[in-house]
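Before any comments, here is the structure.
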Amino acid sequence: SHYFDFTEFKVQVSSAPLQSLAITSVIHSGNNVTLTWQPVPNASYTYTVQRKTSLSSATWTTLQSNISTTNYTDTTAPASSGFYRVSSP
């Protein structure tokens, strides 16, 4: 799990317990957040990106699934804070 603090914008990236993903970059610009991660080694998987706006919330919103690349841009990111996780089946 990685935690990034951009002044007032916070991003937490967690990987699924079965596949550990190395997050290499988180870029916040306006209402966009671009996440980049390393691929699962020696495999060809798809990825799912989820977000929630509060750590106390139990519900994650799936932003995109079946991502075949190792990056995703959330164009509807909240202005104040967002918590993200990237998983691979």
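Lettering and numbering for the structure tokens are positional, with chains as A, B, ... in the shown order, residues counted from 1 in each chain, and ligands counted from 1 in the shown order.
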
List as number ranges by chain the protein and nucleic acid residues near region 56-65 of chain A, meaning an atom at most 10 Å away when only C-alpha atoms are counted, but skip any in the same chain fewer than 6 places from it. A: 46-50, 72-76, 83-88

Write to file, as a PDB file, in the first residue's frame, the residues of the selection just made, with N, CA and C atoms.
```pdb
ATOM      1  N   THR A  46      -5.145  -8.311 -17.002  1.00  0.00           N
ATOM      2  CA  THR A  46      -5.838  -7.034 -17.044  1.00  0.00           C
ATOM      3  C   THR A  46      -5.917  -6.516 -15.610  1.00  0.00           C
ATOM      4  N   TYR A  47      -6.200  -5.224 -15.489  1.00  0.00           N
ATOM      5  CA  TYR A  47      -6.195  -4.571 -14.183  1.00  0.00           C
ATOM      6  C   TYR A  47      -7.518  -3.860 -13.945  1.00  0.00           C
ATOM      7  N   THR A  48      -7.811  -3.627 -12.675  1.00  0.00           N
ATOM      8  CA  THR A  48      -9.001  -2.894 -12.259  1.00  0.00           C
ATOM      9  C   THR A  48      -8.568  -1.764 -11.348  1.00  0.00           C
ATOM     10  N   VAL A  49      -9.101  -0.552 -11.588  1.00  0.00           N
ATOM     11  CA  VAL A  49      -8.823   0.605 -10.741  1.00  0.00           C
ATOM     12  C   VAL A  49     -10.105   0.977 -10.014  1.00  0.00           C
ATOM     13  N   GLN A  50      -9.976   1.133  -8.689  1.00  0.00           N
ATOM     14  CA  GLN A  50     -11.109   1.521  -7.867  1.00  0.00           C
ATOM     15  C   GLN A  50     -10.759   2.747  -7.036  1.00  0.00           C
ATOM     16  N   TYR A  72      -3.695   4.465 -15.913  1.00  0.00           N
ATOM     17  CA  TYR A  72      -5.098   4.851 -15.979  1.00  0.00           C
ATOM     18  C   TYR A  72      -5.203   6.301 -15.538  1.00  0.00           C
ATOM     19  N   THR A  73      -6.024   7.091 -16.236  1.00  0.00           N
ATOM     20  CA  THR A  73      -6.282   8.467 -15.838  1.00  0.00           C
ATOM     21  C   THR A  73      -7.723   8.601 -15.397  1.00  0.00           C
ATOM     22  N   ASP A  74      -7.895   8.986 -14.151  1.00  0.00           N
ATOM     23  CA  ASP A  74      -9.211   9.277 -13.598  1.00  0.00           C
ATOM     24  C   ASP A  74      -9.524  10.728 -13.930  1.00  0.00           C
ATOM     25  N   THR A  75     -10.468  10.953 -14.838  1.00  0.00           N
ATOM     26  CA  THR A  75     -10.803  12.315 -15.272  1.00  0.00           C
ATOM     27  C   THR A  75     -11.899  12.935 -14.418  1.00  0.00           C
ATOM     28  N   THR A  76     -12.382  12.191 -13.425  1.00  0.00           N
ATOM     29  CA  THR A  76     -13.427  12.706 -12.530  1.00  0.00           C
ATOM     30  C   THR A  76     -12.953  12.686 -11.088  1.00  0.00           C
ATOM     31  N   PHE A  83      -8.865   8.003  -2.719  1.00  0.00           N
ATOM     32  CA  PHE A  83      -8.095   6.838  -2.320  1.00  0.00           C
ATOM     33  C   PHE A  83      -8.301   5.784  -3.397  1.00  0.00           C
ATOM     34  N   TYR A  84      -7.204   5.290  -3.941  1.00  0.00           N
ATOM     35  CA  TYR A  84      -7.250   4.402  -5.084  1.00  0.00           C
ATOM     36  C   TYR A  84      -6.631   3.044  -4.752  1.00  0.00           C
ATOM     37  N   ARG A  85      -7.119   2.031  -5.467  1.00  0.00           N
ATOM     38  CA  ARG A  85      -6.441   0.735  -5.423  1.00  0.00           C
ATOM     39  C   ARG A  85      -6.487   0.143  -6.821  1.00  0.00           C
ATOM     40  N   VAL A  86      -5.421  -0.558  -7.137  1.00  0.00           N
ATOM     41  CA  VAL A  86      -5.266  -1.212  -8.425  1.00  0.00           C
ATOM     42  C   VAL A  86      -5.094  -2.695  -8.146  1.00  0.00           C
ATOM     43  N   SER A  87      -5.857  -3.507  -8.840  1.00  0.00           N
ATOM     44  CA  SER A  87      -5.760  -4.943  -8.609  1.00  0.00           C
ATOM     45  C   SER A  87      -5.708  -5.688  -9.940  1.00  0.00           C
ATOM     46  N   SER A  88      -5.216  -6.883  -9.862  1.00  0.00           N
ATOM     47  CA  SER A  88      -5.157  -7.771 -11.016  1.00  0.00           C
ATOM     48  C   SER A  88      -5.718  -9.117 -10.573  1.00  0.00           C
TER      49      SER A  88
END
```

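If you measure from each of A:Ser81, A:Leu55, A:Asn66, A:Tyr45 to Asn31 (chain A) using only C-alpha atoms, the closest one turns out to be A:Ser81.
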
Could you tell me which of A:Ser54, A:Asn42, A:Asn71, A:Ala79 comes closest to Gly30 (chain A) if we count only C-alpha atoms? A:Ala79
